[in-house]
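First comes the structure, then the notes that go with it.
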Amino acid sequence: MSAITTYSGKLFDPTNPTIEGIDIIDITHALSLLCRGNGHVKHFYSVGQHSISCYKEAKKRNYSKKIQLACLLHDASEAYLSDITRPVKPKLPEYLAMEDKLQNMIWQKFLEEPLSEEELKQVFSIDDDILSYEFEYLMPKKISDNYKNLITKPDLSFVDPFTVEKEFMDIVERELKTK
């Protein structure tokens, strides 16, 4: 078995995941400590903070609770696999297959039903819009004007990882209670 030891102490095999092994505590903790942009940002800015921004944008757009939670969890597989930068990912078909399988398991565990193609478009449109905003303000290069589609103004300031972890978990607990 090729397993990692998670924050909660579980052994988890990201190459052969089980839905039972997925733990929101591990996801929340790990994403709050993973830096966006492979660390090539002006200051530490976590995947967890990015995910919270995506959730808030979906909420402001009055998307369904399902889409809001999907936005919060759209990078959750990175808690177990880490991340690969966008230019490299397409060259790693095995990684993409593992990431897709694990991400779908995570959504299966926390969403009531699978995401439709239209819902996936909504989630990844927000992700791209937030990404363009992050590039505009956290990196030295602009990639697009997608950020102009945003209704919210994401907080790109440094936020302590433990504060991000708490906010992320508070959102999860609130959203799962209202389902």
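Identifiers for the structure tokens are assigned positionally: chains receive A, B, ... in sequence, residues are indexed from 1 per chain, and ligands are indexed from 1 in the order shown.
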
Mind checking DSSP for chain A and telling me the strand (DSSP E or B) residues as an mmCIF file with all heavy atoms, in the first residue's frame?
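Listing of selection_37.cif after writing:
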```cif
data_model
loop_
_atom_site.group_PDB
_atom_site.id
_atom_site.type_symbol
_atom_site.label_atom_id
_atom_site.label_comp_id
_atom_site.auth_asym_id
_atom_site.auth_seq_id
_atom_site.Cartn_x
_atom_site.Cartn_y
_atom_site.Cartn_z
ATOM 1 N N ILE A 4 -0.394 7.837 2.461
ATOM 2 C CA ILE A 4 0.111 8.987 3.203
ATOM 3 C C ILE A 4 -0.548 8.965 4.579
ATOM 4 O O ILE A 4 -1.614 8.367 4.748
ATOM 5 C CB ILE A 4 -0.191 10.325 2.479
ATOM 6 C CG1 ILE A 4 -1.705 10.541 2.318
ATOM 7 C CG2 ILE A 4 0.518 10.391 1.136
ATOM 8 C CD1 ILE A 4 -2.098 11.923 1.815
ATOM 9 N N THR A 5 0.082 9.587 5.529
ATOM 10 C CA THR A 5 -0.536 9.758 6.841
ATOM 11 C C THR A 5 -1.128 11.154 6.855
ATOM 12 O O THR A 5 -0.432 12.138 6.612
ATOM 13 C CB THR A 5 0.501 9.613 7.975
ATOM 14 O OG1 THR A 5 1.106 8.324 7.867
ATOM 15 C CG2 THR A 5 -0.174 9.756 9.332
ATOM 16 N N LEU A 11 -4.299 6.580 7.551
ATOM 17 C CA LEU A 11 -3.529 6.203 6.381
ATOM 18 C C LEU A 11 -4.473 6.313 5.195
ATOM 19 O O LEU A 11 -5.589 5.792 5.231
ATOM 20 C CB LEU A 11 -3.000 4.771 6.507
ATOM 21 C CG LEU A 11 -1.881 4.572 7.520
ATOM 22 C CD1 LEU A 11 -1.482 3.099 7.577
ATOM 23 C CD2 LEU A 11 -0.664 5.424 7.176
ATOM 24 N N PHE A 12 -4.042 7.016 4.158
ATOM 25 C CA PHE A 12 -4.895 7.262 2.995
ATOM 26 C C PHE A 12 -4.064 7.034 1.745
ATOM 27 O O PHE A 12 -2.996 7.619 1.587
ATOM 28 C CB PHE A 12 -5.423 8.704 3.029
ATOM 29 C CG PHE A 12 -6.407 9.017 1.938
ATOM 30 C CD1 PHE A 12 -7.757 8.747 2.102
ATOM 31 C CD2 PHE A 12 -5.983 9.586 0.746
ATOM 32 C CE1 PHE A 12 -8.662 9.031 1.101
ATOM 33 C CE2 PHE A 12 -6.886 9.875 -0.265
ATOM 34 C CZ PHE A 12 -8.233 9.604 -0.086
ATOM 35 N N CYS A 35 0.025 26.492 -0.418
ATOM 36 C CA CYS A 35 0.111 27.806 -1.049
ATOM 37 C C CYS A 35 -0.327 27.743 -2.510
ATOM 38 O O CYS A 35 0.033 26.813 -3.235
ATOM 39 C CB CYS A 35 1.538 28.340 -0.955
ATOM 40 S SG CYS A 35 1.675 30.083 -1.424
ATOM 41 N N SER A 46 -3.326 30.775 0.665
ATOM 42 C CA SER A 46 -3.590 29.345 0.629
ATOM 43 C C SER A 46 -4.690 28.936 -0.341
ATOM 44 O O SER A 46 -5.550 29.729 -0.723
ATOM 45 C CB SER A 46 -3.949 28.839 2.032
ATOM 46 O OG SER A 46 -5.240 29.274 2.413
#
```

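Using only C-alpha atoms for every distance, the candidate list A:Gly21, A:Ile27, A:Ile67, A:Asn38 yields A:Ile67 as the residue closest to Lys121 in chain A.
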
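Taking only C-alpha atoms into account, Thr178 in chain A lies nearest to A:Leu111 out of the set A:Ala76, A:Val41, A:Leu138, A:Leu111.
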
Separating CA of Ser53 in chain A from CA of Leu131 in chain A, to the nearest tenth of an Å, is a gap of 10.2 Å

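Minimum atom-to-atom distance to Ser64 in chain A, evaluated using only C-alpha atoms, belongs to A:Glu175 out of A:Glu175, A:Asp83, A:Glu165, A:Asp155.
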
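If you look at CA of Thr15 in chain A and CA of Asp127 in chain A, they are 24.9 Å away from each other.
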
I need the residue nearest Ala97 in chain A from this list: A:Ser77, A:Pro114, A:Leu33, A:His50. Use only C-alpha atoms for the distance. A:Ser77

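Atom pair CA of Val47 in chain A / CA of Glu112 in chain A: separated by 23.9 Å.
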
Polymer residues at most 10 Å from Ile25 in chain A, only C-alpha atoms, same-chain spacing of 6 or more positions, as a PDB file with N, CA and C atoms, in the first residue's frame:
```pdb
ATOM      1  N   THR A   6      -2.412  11.236   7.105  1.00  0.00           N
ATOM      2  CA  THR A   6      -3.099  12.526   7.071  1.00  0.00           C
ATOM      3  C   THR A   6      -2.996  13.234   8.428  1.00  0.00           C
ATOM      4  N   TYR A   7      -3.422  14.464   8.434  1.00  0.00           N
ATOM      5  CA  TYR A   7      -3.414  15.282   9.645  1.00  0.00           C
ATOM      6  C   TYR A   7      -4.142  14.589  10.798  1.00  0.00           C
ATOM      7  N   SER A   8      -5.264  13.911  10.488  1.00  0.00           N
ATOM      8  CA  SER A   8      -6.046  13.243  11.536  1.00  0.00           C
ATOM      9  C   SER A   8      -5.445  11.906  11.944  1.00  0.00           C
ATOM     10  N   GLU A 165      -8.444  27.845   8.141  1.00  0.00           N
ATOM     11  CA  GLU A 165      -8.947  26.511   8.489  1.00  0.00           C
ATOM     12  C   GLU A 165     -10.266  26.610   9.257  1.00  0.00           C
ATOM     13  N   PHE A 168     -13.103  27.888   6.922  1.00  0.00           N
ATOM     14  CA  PHE A 168     -13.464  26.815   5.987  1.00  0.00           C
ATOM     15  C   PHE A 168     -14.357  25.794   6.699  1.00  0.00           C
ATOM     16  N   MET A 169     -13.937  25.356   7.885  1.00  0.00           N
ATOM     17  CA  MET A 169     -14.714  24.362   8.632  1.00  0.00           C
ATOM     18  C   MET A 169     -16.054  24.921   9.065  1.00  0.00           C
TER      19      MET A 169
END
```

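Residues within 9 Å of Gln49 in chain A, counting only C-alpha atoms and excluding same-chain residues fewer than 5 positions away, are Leu31, Ser32, Cys54, Asp155, Leu156, Val159, Pro161, Val164, Glu165, Glu167 and Phe168 of chain A.
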